[in-house]
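> Following this line is query-v1.txt, made up of compact mmCIF, C-alpha atoms and all ligand atoms:
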# COMPACT_ATOMS: atom_id res chain seq x y z
CA MET A 1 -1.57 7.62 16.07
CA LEU A 2 0.55 10.59 17.08
CA ASN A 3 3.91 9.49 15.76
CA SER A 4 2.93 7.57 12.68
CA MET A 5 4.90 8.21 9.54
CA GLU A 6 3.19 10.42 7.01
CA ILE A 7 3.47 9.36 3.36
CA ALA A 8 3.16 11.82 0.47
CA GLN A 9 2.76 10.34 -3.00
CA ILE A 10 4.34 12.53 -5.67
CA PRO A 11 3.61 11.81 -9.36
CA CYS A 12 6.72 12.51 -11.47
CA LEU A 13 7.66 12.16 -15.16
CA ASP A 14 5.14 10.12 -17.18
CA SER A 15 4.25 7.32 -14.79
CA ASN A 16 6.60 7.43 -11.79
CA TYR A 17 5.76 7.96 -8.16
CA ALA A 18 8.24 9.36 -5.70
CA TYR A 19 7.29 9.09 -2.04
CA LEU A 20 8.11 11.41 0.81
CA LEU A 21 8.09 9.84 4.26
CA HIS A 22 7.84 12.29 7.13
CA ASP A 23 8.16 11.77 10.86
CA SER A 24 6.84 14.85 12.61
CA ALA A 25 8.35 14.06 16.02
CA SER A 26 11.92 14.17 14.70
CA GLY A 27 11.33 16.30 11.60
CA SER A 28 12.99 13.63 9.46
CA THR A 29 11.91 13.30 5.84
CA SER A 30 13.02 10.65 3.38
CA ALA A 31 12.39 10.37 -0.35
CA ILE A 32 11.91 6.93 -1.83
CA ASP A 33 13.54 7.36 -5.25
CA THR A 34 14.09 10.66 -7.05
CA PRO A 35 12.54 10.73 -10.52
CA ASP A 36 12.47 14.54 -10.67
CA ALA A 37 14.35 16.84 -8.27
CA ASP A 38 12.28 19.95 -9.02
CA VAL A 39 8.96 18.24 -8.41
CA ILE A 40 10.28 16.76 -5.17
CA LEU A 41 11.72 20.11 -4.00
CA ASP A 42 8.32 21.74 -4.65
CA ALA A 43 6.54 19.01 -2.71
CA LEU A 44 8.93 19.45 0.22
CA GLU A 45 8.50 23.22 0.22
CA GLN A 46 4.70 23.01 0.09
CA ARG A 47 4.77 20.90 3.23
CA GLY A 48 7.59 22.72 5.01
CA TRP A 49 9.62 19.50 5.19
CA ASN A 50 13.43 19.25 5.07
CA LEU A 51 14.85 16.30 3.19
CA THR A 52 17.16 14.28 5.43
CA ASP A 53 17.50 11.06 3.40
CA ILE A 54 17.03 9.47 0.00
CA PHE A 55 16.35 5.74 -0.14
CA ASN A 56 16.92 4.43 -3.67
CA THR A 57 15.45 1.11 -4.79
CA HIS A 58 17.64 0.63 -7.90
CA HIS A 59 19.93 2.52 -10.25
CA HIS A 60 17.62 3.37 -13.19
CA GLY A 61 17.54 7.05 -14.09
CA ASP A 62 13.83 7.44 -13.39
CA HIS A 63 14.63 6.46 -9.76
CA THR A 64 17.95 8.23 -9.15
CA GLY A 65 17.91 11.14 -11.62
CA GLY A 66 17.25 13.72 -8.88
CA ASN A 67 19.81 12.40 -6.40
CA LEU A 68 22.67 14.84 -6.94
CA ARG A 69 20.56 17.98 -7.18
CA LEU A 70 18.56 17.06 -4.09
CA LYS A 71 21.76 16.29 -2.19
CA GLU A 72 23.27 19.59 -3.28
CA LYS A 73 20.15 21.54 -2.25
CA THR A 74 19.42 19.78 1.04
CA GLY A 75 22.58 18.00 2.18
CA CYS A 76 20.59 14.78 2.51
CA ARG A 77 22.19 11.38 2.92
CA ILE A 78 21.70 8.83 0.15
CA THR A 79 21.14 5.13 0.80
CA GLY A 80 20.96 2.63 -2.04
CA PRO A 81 21.67 -0.98 -2.93
CA LYS A 82 25.28 -2.06 -2.32
CA GLY A 83 25.05 -4.26 -5.40
CA GLU A 84 24.57 -1.18 -7.59
CA ALA A 85 26.55 1.36 -5.56
CA SER A 86 28.71 2.45 -8.50
CA ARG A 87 25.56 3.38 -10.42
CA ILE A 88 23.73 5.27 -7.64
CA PRO A 89 24.70 8.96 -7.92
CA GLY A 90 25.88 10.43 -4.61
CA ILE A 91 25.46 7.24 -2.59
CA ASP A 92 26.60 7.46 1.06
CA VAL A 93 25.20 4.26 2.59
CA GLU A 94 25.38 0.90 0.80
CA ALA A 95 22.50 -1.27 1.99
CA VAL A 96 22.22 -5.04 1.96
CA GLU A 97 19.58 -7.57 3.02
CA GLY A 98 18.58 -7.15 6.65
CA ASP A 99 19.99 -3.65 7.05
CA VAL A 100 17.82 -1.18 8.88
CA VAL A 101 17.06 2.37 7.77
CA ARG A 102 15.13 4.96 9.76
CA VAL A 103 12.78 7.88 9.25
CA GLY A 104 12.73 9.25 12.78
CA GLU A 105 10.82 6.67 14.81
CA SER A 106 9.91 4.53 11.84
CA VAL A 107 12.19 1.66 10.95
CA ALA A 108 12.51 -0.20 7.66
CA CYS A 109 14.23 -3.45 6.91
CA VAL A 110 16.03 -3.77 3.56
CA ILE A 111 14.97 -6.73 1.41
CA GLU A 112 17.07 -7.71 -1.61
CA VAL A 113 14.76 -8.32 -4.57
CA PRO A 114 16.92 -8.82 -7.68
CA GLY A 115 15.38 -9.42 -11.09
CA HIS A 116 14.46 -6.09 -12.65
CA THR A 117 18.03 -5.05 -11.88
CA LYS A 118 20.73 -7.15 -10.25
CA GLY A 119 20.84 -5.23 -6.99
CA HIS A 120 17.25 -3.99 -6.57
CA ILE A 121 16.14 -3.56 -2.96
CA ALA A 122 12.81 -2.93 -1.23
CA TYR A 123 12.16 -1.15 2.08
CA HIS A 124 9.72 -2.78 4.51
CA PHE A 125 8.41 -0.65 7.39
CA GLU A 126 6.96 -3.48 9.45
CA LYS A 127 5.28 -1.40 12.17
CA ASP A 128 3.83 1.02 9.63
CA ASN A 129 2.65 -1.97 7.56
CA VAL A 130 4.02 -0.54 4.30
CA ALA A 131 6.65 -1.64 1.79
CA PHE A 132 8.29 0.35 -0.99
CA VAL A 133 8.96 -2.12 -3.75
CA GLY A 134 10.28 0.06 -6.59
CA ASP A 135 10.06 -1.66 -9.98
CA THR A 136 9.95 -5.21 -8.59
CA LEU A 137 6.22 -5.56 -8.05
CA PHE A 138 3.55 -3.39 -9.66
CA SER A 139 -0.16 -3.57 -9.05
CA MET A 140 -1.23 -6.55 -11.19
CA GLY A 141 2.27 -6.65 -12.68
CA CYS A 142 5.98 -6.95 -12.07
CA GLY A 143 9.14 -5.35 -13.41
CA ARG A 144 10.77 -6.40 -16.64
CA LEU A 145 13.79 -8.67 -16.36
CA PHE A 146 16.43 -6.22 -17.52
CA GLU A 147 19.38 -7.66 -15.61
CA GLY A 148 18.22 -10.63 -13.57
CA THR A 149 16.76 -14.03 -14.38
CA ALA A 150 13.23 -15.36 -14.04
CA LYS A 151 14.52 -17.53 -11.19
CA GLN A 152 15.80 -14.48 -9.31
CA MET A 153 12.59 -12.51 -9.86
CA TRP A 154 10.36 -15.42 -8.84
CA ASN A 155 12.42 -15.77 -5.67
CA SER A 156 12.17 -12.01 -5.04
CA LEU A 157 8.39 -11.99 -5.50
CA ASN A 158 8.14 -14.91 -3.09
CA LYS A 159 10.03 -12.91 -0.48
CA LEU A 160 7.50 -10.10 -0.86
CA MET A 161 4.64 -12.62 -0.69
CA ARG A 162 5.83 -13.67 2.77
CA LEU A 163 5.14 -10.19 4.19
CA PRO A 164 1.88 -9.78 6.18
CA GLU A 165 -1.11 -9.84 3.80
CA SER A 166 -2.34 -6.44 4.94
CA THR A 167 0.97 -4.80 3.94
CA LEU A 168 0.40 -1.83 1.65
CA LEU A 169 2.69 -2.09 -1.37
CA TYR A 170 3.93 1.20 -2.77
CA CYS A 171 5.34 0.59 -6.23
CA ALA A 172 7.19 3.12 -8.36
CA HIS A 173 4.93 3.37 -11.41
CA GLU A 174 1.27 3.89 -12.26
CA TYR A 175 1.08 0.93 -14.67
CA THR A 176 -1.99 -0.64 -13.11
CA GLU A 177 -4.59 -0.23 -15.85
CA ALA A 178 -2.34 -1.63 -18.61
CA ASN A 179 -1.18 -4.41 -16.29
CA GLY A 180 -4.80 -5.27 -15.56
CA ALA A 181 -5.60 -5.66 -19.26
CA PHE A 182 -2.83 -8.24 -19.51
CA ALA A 183 -3.90 -9.91 -16.25
CA LEU A 184 -7.42 -10.35 -17.66
CA SER A 185 -5.94 -12.07 -20.72
CA VAL A 186 -4.23 -14.56 -18.38
CA GLU A 187 -7.21 -15.10 -16.07
CA PRO A 188 -10.42 -14.06 -17.85
CA ASN A 189 -12.58 -15.75 -15.19
CA ASN A 190 -11.00 -14.23 -12.07
CA THR A 191 -13.86 -12.32 -10.42
CA ASP A 192 -11.55 -10.46 -8.01
CA LEU A 193 -9.63 -9.25 -11.04
CA HIS A 194 -12.76 -7.99 -12.77
CA ALA A 195 -13.82 -6.13 -9.63
CA ARG A 196 -10.36 -4.61 -9.19
CA MET A 197 -10.28 -3.50 -12.83
CA GLU A 198 -13.62 -1.78 -12.48
CA GLU A 199 -12.24 0.12 -9.48
CA VAL A 200 -9.00 0.90 -11.33
CA ARG A 201 -10.80 2.28 -14.39
CA MET A 202 -12.96 4.47 -12.17
CA LEU A 203 -9.91 5.79 -10.26
CA ARG A 204 -7.89 6.45 -13.42
CA SER A 205 -10.79 8.25 -15.10
CA LYS A 206 -10.55 10.72 -12.22
CA ASN A 207 -6.73 10.72 -12.35
CA ILE A 208 -6.55 9.16 -8.87
CA PRO A 209 -3.60 6.83 -8.09
CA THR A 210 -4.33 3.09 -7.91
CA VAL A 211 -1.20 2.71 -5.76
CA PRO A 212 -0.72 1.53 -3.06
CA SER A 213 -2.50 -1.78 -3.10
CA SER A 214 -2.44 -4.47 -0.44
CA LEU A 215 -0.48 -7.69 -0.69
CA ASP A 216 -3.78 -9.49 -0.16
CA MET A 217 -5.28 -7.77 -3.22
CA GLU A 218 -2.18 -8.54 -5.28
CA LYS A 219 -2.30 -12.21 -4.30
CA ARG A 220 -5.85 -12.33 -5.65
CA THR A 221 -5.28 -10.34 -8.85
CA ASN A 222 -1.59 -10.23 -9.87
CA PRO A 223 -0.85 -12.98 -12.44
CA PHE A 224 2.86 -12.93 -11.57
CA LEU A 225 2.20 -13.68 -7.90
CA ARG A 226 -0.37 -16.30 -8.91
CA ALA A 227 2.00 -18.20 -11.23
CA GLY A 228 2.67 -20.89 -8.62
CA SER A 229 6.03 -21.95 -10.06
CA GLU A 230 9.13 -20.43 -11.56
CA GLU A 231 8.38 -22.03 -14.95
CA VAL A 232 4.87 -20.59 -15.17
CA PHE A 233 6.16 -17.23 -13.92
CA ALA A 234 8.82 -17.17 -16.66
CA ASP A 235 6.21 -17.99 -19.28
CA ILE A 236 3.82 -15.24 -18.12
CA ARG A 237 6.70 -12.75 -18.01
CA ARG A 238 7.64 -13.60 -21.61
CA ARG A 239 4.02 -13.22 -22.74
CA LYS A 240 3.73 -9.83 -21.03
CA ASP A 241 6.88 -8.61 -22.81
CA CYS A 242 5.13 -8.91 -26.14
CA PHE A 243 1.53 -8.21 -25.05
ZN ZN B 301 13.49 0.49 -13.23
FE FE B 302 11.21 2.67 -13.18
Starting from the file, lay out its structure as structure tokens.


Amino acid sequence: MLNSMEIAQIPCLDSNYAYLLHDSASGSTSAIDTPDADVILDALEQRGWNLTDIFNTHHHGDHTGGNLRLKEKTGCRITGPKGEASRIPGIDVEAVEGDVVRVGESVACVIEVPGHTKGHIAYHFEKDNVAFVGDTLFSMGCGRLFEGTAKQMWNSLNKLMRLPESTLLYCAHEYTEANGAFALSVEPNNTDLHARMEEVRMLRSKNIPTVPSSLDMEKRTNPFLRAGSEEVFADIRRRKDCF
């Protein structure tokens, strides 16, 4: 595919991933979240890409900490959740459910997924079959309920579960191996989970990312997606908090 969006996965801080999305036809490059401006600037320079946009998923510092420096260095435009606009440094565009953002030819729809924070959003590039879900959904896990309720988070996860099953989910942290240990405590007899954990341990032993994973894989292995009801979800979330 000549004009498909290129995705660079940039490990930052202890466990974060920033992503650079590049459309070669237009020369547009967007960063999904900005954990570390210097690391992102290096990654851009290595590739000869100019940052045109930042798309923030939520206000936490490990997702927005590089915003102002990157904006100062590159003049990029910053899009983030309207519900958290006052806490997104340098925000230019306040996005709500159904809004469309672009990386050259590639188009993403904004999905509101509150729970981890009150205004958290995800970016779904339908044609590219990828979604950037921030700290809402992790491989075999989900974000802590810092600001929202279990009801909100369960509703948000259900919105993500309605995406096409082959969608690749790009989450914002490499938490997979620890999440998997908890998942196995919830479902010790899930054979898909055992197989996934074997793969995850192998990848991590070589320091290879376990992200992205497909929605299909998450539906088979993520205890939070498999809860089946808000009540069970809330119970599993509480258990994970003290696991
Ligand atoms: Zn967060
Ligand atoms: Fe985070």

> With only C-alpha atoms and all ligand atoms as the basis for distance, which of A:Lys73, A:His173, A:Lys159, A:His124 is at the shortest distance from ligand ZN 301 (chain B)?

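Of A:Lys73, A:His173, A:Lys159, A:His124, the one nearest ligand ZN 301 (chain B), counting only C-alpha atoms and all ligand atoms, is A:His173.
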
> Nearest to A:Val113 among A:Thr74, A:Asn158, A:Ser28, A:Ser4, with distances taken over only C-alpha atoms: which residue is it?

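When distances to A:Val113 are compared using only C-alpha atoms, the smallest one comes from A:Asn158.
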
> Please identify all polymer residues within 12 Å of A:Arg196, counting all atoms listed in the file, omitting same-chain residues fewer than 6 positions from it, and present them as a ChimeraX atom specification.

/A:139-140,176-177,179-181,183-184,190,202-203,210,213-214,217-218,220-222

> Taking only C-alpha atoms and all ligand atoms into account, report as a PyMOL selection string which residues have an atom no farther than 8 Å from an atom of ligand ZN 301 (chain B).

chain A and resi 58-63+116-117+134-135+143

> Name the residues in contact with stretch 83-93 of chain A at a cut-off of 6 Å, using all atoms listed in the file, excluding same-chain residues fewer than 3 positions from it; report them as a PyMOL selection string.

chain A and resi 59+68+78-79+119

> Of the residues A:Lys127, A:Arg77, A:Lys151, A:His120, which is the one nearest to A:Ser229, using only C-alpha atoms?

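Looking only at the distances to A:Ser229, the closest residue turns out to be A:Lys151.
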
> Could the centre and edge lengths of an axis-aligned box, enclosing all atoms of stretch 122-140 of chain A in the file with 5 Å extra on each side, be given in Å to one decimal as AutoDock Vina command-line options?


--center_x 5.8 --center_y -2.8 --center_z 0.5 --size_x 24.0 --size_y 17.6 --size_z 33.4

> So how far away is atom CA of A:Thr149 from atom CA of A:Gly115, in Å?

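Computing it gives 5.8 Å between the two atoms.
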
> Interatomic distance between atom CA of A:Phe132 and atom CA of A:Pro114?

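Between atom CA of A:Phe132 and atom CA of A:Pro114 the gap is 14.3 Å.
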
> Do you have the atom CA of A:Lys71-atom CA of A:Glu97 distance handy?

24.5 Å
